[in-house]
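S.K.: Got a file for you: coords_13.pdb, PDB, C-alpha atoms.
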ATOM      1  CA  MET U   1     -80.205 261.734 238.661  1.00  0.00           C
ATOM      2  CA  ALA U   2     -81.399 262.734 235.193  1.00  0.00           C
ATOM      3  CA  LYS U   3     -79.875 261.326 232.038  1.00  0.00           C
ATOM      4  CA  ILE U   4     -78.863 263.209 228.905  1.00  0.00           C
ATOM      5  CA  LYS U   5     -78.218 262.087 225.340  1.00  0.00           C
ATOM      6  CA  ILE U   6     -75.109 263.588 223.777  1.00  0.00           C
ATOM      7  CA  LYS U   7     -74.706 263.473 219.981  1.00  0.00           C
ATOM      8  CA  GLN U   8     -71.521 264.495 218.194  1.00  0.00           C
ATOM      9  CA  VAL U   9     -72.493 266.689 215.236  1.00  0.00           C
ATOM     10  CA  ARG U  10     -69.167 268.271 214.242  1.00  0.00           C
ATOM     11  CA  SER U  11     -65.749 266.813 213.520  1.00  0.00           C
ATOM     12  CA  LYS U  12     -62.870 266.802 215.979  1.00  0.00           C
ATOM     13  CA  ILE U  13     -60.379 267.409 213.157  1.00  0.00           C
ATOM     14  CA  ASP U  14     -58.399 270.644 213.671  1.00  0.00           C
ATOM     15  CA  ARG U  15     -59.606 270.947 217.278  1.00  0.00           C
ATOM     16  CA  PRO U  16     -57.290 271.385 220.271  1.00  0.00           C
ATOM     17  CA  GLU U  17     -56.102 268.175 221.926  1.00  0.00           C
ATOM     18  CA  ARG U  18     -58.065 269.037 225.062  1.00  0.00           C
ATOM     19  CA  GLN U  19     -61.364 269.030 223.136  1.00  0.00           C
ATOM     20  CA  LYS U  20     -60.482 265.724 221.448  1.00  0.00           C
ATOM     21  CA  ARG U  21     -59.809 264.154 224.835  1.00  0.00           C
ATOM     22  CA  THR U  22     -63.068 265.518 226.218  1.00  0.00           C
ATOM     23  CA  LEU U  23     -64.991 263.882 223.355  1.00  0.00           C
ATOM     24  CA  ALA U  24     -63.191 260.604 224.033  1.00  0.00           C
ATOM     25  CA  ALA U  25     -63.899 260.833 227.774  1.00  0.00           C
ATOM     26  CA  LEU U  26     -67.606 261.195 227.003  1.00  0.00           C
ATOM     27  CA  GLY U  27     -67.422 258.087 224.793  1.00  0.00           C
ATOM     28  CA  LEU U  28     -67.792 259.861 221.439  1.00  0.00           C
ATOM     29  CA  LYS U  29     -65.675 258.590 218.552  1.00  0.00           C
ATOM     30  CA  LYS U  30     -67.603 259.361 215.354  1.00  0.00           C
ATOM     31  CA  ILE U  31     -69.921 262.025 214.009  1.00  0.00           C
ATOM     32  CA  ASN U  32     -73.614 261.223 214.652  1.00  0.00           C
ATOM     33  CA  GLN U  33     -72.712 258.837 217.475  1.00  0.00           C
ATOM     34  CA  VAL U  34     -75.032 259.139 220.482  1.00  0.00           C
ATOM     35  CA  VAL U  35     -74.193 258.286 224.087  1.00  0.00           C
ATOM     36  CA  GLU U  36     -76.267 258.480 227.253  1.00  0.00           C
ATOM     37  CA  GLN U  37     -74.673 259.878 230.392  1.00  0.00           C
ATOM     38  CA  GLU U  38     -75.860 260.852 233.854  1.00  0.00           C
ATOM     39  CA  ALA U  39     -76.350 264.614 234.156  1.00  0.00           C
ATOM     40  CA  THR U  40     -73.731 265.128 236.874  1.00  0.00           C
ATOM     41  CA  PRO U  41     -71.948 268.466 237.288  1.00  0.00           C
ATOM     42  CA  GLN U  42     -68.760 266.896 235.898  1.00  0.00           C
ATOM     43  CA  ILE U  43     -70.454 265.620 232.729  1.00  0.00           C
ATOM     44  CA  LEU U  44     -72.331 268.898 232.223  1.00  0.00           C
ATOM     45  CA  GLY U  45     -69.039 270.801 232.514  1.00  0.00           C
ATOM     46  CA  MET U  46     -67.448 268.565 229.879  1.00  0.00           C
ATOM     47  CA  VAL U  47     -70.431 269.086 227.573  1.00  0.00           C
ATOM     48  CA  ASN U  48     -70.246 272.838 228.111  1.00  0.00           C
ATOM     49  CA  ALA U  49     -66.570 272.841 227.070  1.00  0.00           C
ATOM     50  CA  ILE U  50     -67.408 271.231 223.699  1.00  0.00           C
ATOM     51  CA  LYS U  51     -70.924 272.584 223.173  1.00  0.00           C
ATOM     52  CA  HIS U  52     -70.005 273.695 219.632  1.00  0.00           C
ATOM     53  CA  LEU U  53     -69.322 270.049 218.651  1.00  0.00           C
ATOM     54  CA  VAL U  54     -72.331 268.304 220.209  1.00  0.00           C
ATOM     55  CA  GLU U  55     -76.096 268.409 220.633  1.00  0.00           C
ATOM     56  CA  VAL U  56     -77.614 267.598 224.023  1.00  0.00           C
ATOM     57  CA  GLU U  57     -81.085 266.254 224.739  1.00  0.00           C
ATOM     58  CA  GLU U  58     -82.624 265.353 228.074  1.00  0.00           C
ATOM     59  CA  VAL U  59     -83.924 261.798 228.378  1.00  0.00           C
ATOM     60  CA  LYS U  60     -87.355 261.531 229.987  1.00  0.00           C
TER
END
As structure tokens, please, write out the structure in this file.

M.R.:
Amino acid sequence: MAKIKIKQVRSKIDRPERQKRTLAALGLKKINQVVEQEATPQILGMVNAIKHLVEVEEVK
């Protein structure tokens, strides 16, 4: 399965609790933090829900 890099680029302050928990579930705690995850349908759905807070890049 392919991997993706997820980088938090916007703050979670003043965001709904659901979006904060999604960031935490992906392993993101701080702005500019980068995590690598498998590109499963579950992870891609989580990323899609918070796409305004993160940048996504495919790892080769």

S.K.: Hey, what's within 9 Å of U:Lys5 if we count all atoms listed in the file and toss same-chain stuff fewer than 5 positions away? As a ChimeraX atom specification, please?

M.R.: /U:34-38,55-59

S.K.: Calculated over all atoms listed in the file, which of the candidates U:Ala39, U:Ala24, U:Ile31, U:Ile6 has the smallest distance to U:Lys51?

M.R.: U:Ile6

S.K.: Take every atom of stretch 34-52 of chain U listed in the file, pad by 3 Å on each side, and give me the axis-aligned box centre and edge lengths in Å, one decimal, as JSON.

M.R.:
{"center_x": -71.5, "center_y": 266.0, "center_z": 228.5, "size_x": 15.8, "size_y": 21.4, "size_z": 23.7}

S.K.: When you count only C-alpha atoms, which of these residues is closest to U:Lys7: U:Lys60, U:Leu53, U:Asn48, U:Arg21?

M.R.: U:Leu53

S.K.: Would you mind telling me which residue in U:Thr40, U:Leu28, U:His52, U:Met46 lies nearest to U:Met1 when using all atoms listed in the file?

M.R.: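 Ranked by minimum distance to U:Met1, first place goes to U:Thr40.
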
S.K.: Rounded to one decimal place, report the atom CA of U:Pro41-atom CA of U:Val54 distance in Å.

M.R.: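 Separating atom CA of U:Pro41 from atom CA of U:Val54 is a distance of 17.1 Å.
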
S.K.: What does the structure give for the distance between atom CA of U:Asn32 and atom CA of U:Gln8, in Å to one decimal?

M.R.: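 Interatomic distance here is 5.3 Å.
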
S.K.: What does the distance from atom CA of U:Thr22 to atom CA of U:Val9 come to in Å, to one decimal?

M.R.: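 Going from atom CA of U:Thr22 over to atom CA of U:Val9, I get 14.5 Å.
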
S.K.: Ranking U:Ala2, U:Arg18, U:Lys12, U:Lys29 by minimum distance to U:Ile43 and counting only C-alpha atoms, which one comes first?

M.R.: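 Of U:Ala2, U:Arg18, U:Lys12, U:Lys29, the one nearest U:Ile43, counting only C-alpha atoms, is U:Ala2.
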
S.K.: Can you give me N, CA and C atoms for stretch 34-56 of chain U, written as a PDB file, keeping the file's coordinate frame?

M.R.:
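Done, and the output landed in part_15.pdb:
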ATOM      1  N   VAL U  34     -74.262 258.663 219.328  1.00  0.00           N
ATOM      2  CA  VAL U  34     -75.032 259.139 220.482  1.00  0.00           C
ATOM      3  C   VAL U  34     -74.663 258.299 221.692  1.00  0.00           C
ATOM      4  N   VAL U  35     -74.434 258.972 222.822  1.00  0.00           N
ATOM      5  CA  VAL U  35     -74.193 258.286 224.087  1.00  0.00           C
ATOM      6  C   VAL U  35     -75.128 258.855 225.140  1.00  0.00           C
ATOM      7  N   GLU U  36     -75.465 258.028 226.120  1.00  0.00           N
ATOM      8  CA  GLU U  36     -76.267 258.480 227.253  1.00  0.00           C
ATOM      9  C   GLU U  36     -75.365 258.565 228.464  1.00  0.00           C
ATOM     10  N   GLN U  37     -75.465 259.669 229.193  1.00  0.00           N
ATOM     11  CA  GLN U  37     -74.673 259.878 230.392  1.00  0.00           C
ATOM     12  C   GLN U  37     -75.582 260.424 231.485  1.00  0.00           C
ATOM     13  N   GLU U  38     -75.181 260.220 232.724  1.00  0.00           N
ATOM     14  CA  GLU U  38     -75.860 260.852 233.854  1.00  0.00           C
ATOM     15  C   GLU U  38     -75.567 262.346 233.805  1.00  0.00           C
ATOM     16  N   ALA U  39     -76.516 263.161 234.190  1.00  0.00           N
ATOM     17  CA  ALA U  39     -76.350 264.614 234.156  1.00  0.00           C
ATOM     18  C   ALA U  39     -75.702 265.106 235.448  1.00  0.00           C
ATOM     19  N   THR U  40     -74.472 264.671 235.699  1.00  0.00           N
ATOM     20  CA  THR U  40     -73.731 265.128 236.874  1.00  0.00           C
ATOM     21  C   THR U  40     -73.057 266.457 236.550  1.00  0.00           C
ATOM     22  N   PRO U  41     -72.647 267.208 237.557  1.00  0.00           N
ATOM     23  CA  PRO U  41     -71.948 268.466 237.288  1.00  0.00           C
ATOM     24  C   PRO U  41     -70.674 268.274 236.458  1.00  0.00           C
ATOM     25  N   GLN U  42     -69.985 267.156 236.652  1.00  0.00           N
ATOM     26  CA  GLN U  42     -68.760 266.896 235.898  1.00  0.00           C
ATOM     27  C   GLN U  42     -69.065 266.691 234.415  1.00  0.00           C
ATOM     28  N   ILE U  43     -70.076 265.886 234.117  1.00  0.00           N
ATOM     29  CA  ILE U  43     -70.454 265.620 232.729  1.00  0.00           C
ATOM     30  C   ILE U  43     -70.979 266.895 232.071  1.00  0.00           C
ATOM     31  N   LEU U  44     -71.799 267.657 232.787  1.00  0.00           N
ATOM     32  CA  LEU U  44     -72.331 268.898 232.223  1.00  0.00           C
ATOM     33  C   LEU U  44     -71.223 269.904 231.935  1.00  0.00           C
ATOM     34  N   GLY U  45     -70.187 269.931 232.763  1.00  0.00           N
ATOM     35  CA  GLY U  45     -69.039 270.801 232.514  1.00  0.00           C
ATOM     36  C   GLY U  45     -68.274 270.385 231.274  1.00  0.00           C
ATOM     37  N   MET U  46     -68.130 269.067 231.076  1.00  0.00           N
ATOM     38  CA  MET U  46     -67.448 268.565 229.879  1.00  0.00           C
ATOM     39  C   MET U  46     -68.247 268.922 228.633  1.00  0.00           C
ATOM     40  N   VAL U  47     -69.563 268.751 228.710  1.00  0.00           N
ATOM     41  CA  VAL U  47     -70.431 269.086 227.573  1.00  0.00           C
ATOM     42  C   VAL U  47     -70.350 270.577 227.272  1.00  0.00           C
ATOM     43  N   ASN U  48     -70.325 271.394 228.304  1.00  0.00           N
ATOM     44  CA  ASN U  48     -70.246 272.838 228.111  1.00  0.00           C
ATOM     45  C   ASN U  48     -68.949 273.244 227.413  1.00  0.00           C
ATOM     46  N   ALA U  49     -67.865 272.520 227.674  1.00  0.00           N
ATOM     47  CA  ALA U  49     -66.570 272.841 227.070  1.00  0.00           C
ATOM     48  C   ALA U  49     -66.541 272.529 225.579  1.00  0.00           C
ATOM     49  N   ILE U  50     -67.396 271.608 225.124  1.00  0.00           N
ATOM     50  CA  ILE U  50     -67.408 271.231 223.699  1.00  0.00           C
ATOM     51  C   ILE U  50     -68.797 271.414 223.094  1.00  0.00           C
ATOM     52  N   LYS U  51     -69.539 272.393 223.612  1.00  0.00           N
ATOM     53  CA  LYS U  51     -70.924 272.584 223.173  1.00  0.00           C
ATOM     54  C   LYS U  51     -71.043 272.902 221.686  1.00  0.00           C
ATOM     55  N   HIS U  52     -69.978 273.389 221.057  1.00  0.00           N
ATOM     56  CA  HIS U  52     -70.005 273.695 219.632  1.00  0.00           C
ATOM     57  C   HIS U  52     -69.839 272.441 218.767  1.00  0.00           C
ATOM     58  N   LEU U  53     -69.521 271.300 219.384  1.00  0.00           N
ATOM     59  CA  LEU U  53     -69.322 270.049 218.651  1.00  0.00           C
ATOM     60  C   LEU U  53     -70.455 269.046 218.866  1.00  0.00           C
ATOM     61  N   VAL U  54     -71.313 269.294 219.833  1.00  0.00           N
ATOM     62  CA  VAL U  54     -72.331 268.304 220.209  1.00  0.00           C
ATOM     63  C   VAL U  54     -73.710 268.924 220.323  1.00  0.00           C
ATOM     64  N   GLU U  55     -74.722 268.046 220.308  1.00  0.00           N
ATOM     65  CA  GLU U  55     -76.096 268.409 220.633  1.00  0.00           C
ATOM     66  C   GLU U  55     -76.485 267.619 221.873  1.00  0.00           C
ATOM     67  N   VAL U  56     -77.230 268.245 222.768  1.00  0.00           N
ATOM     68  CA  VAL U  56     -77.614 267.598 224.023  1.00  0.00           C
ATOM     69  C   VAL U  56     -79.127 267.572 224.123  1.00  0.00           C
TER      70      VAL U  56
END
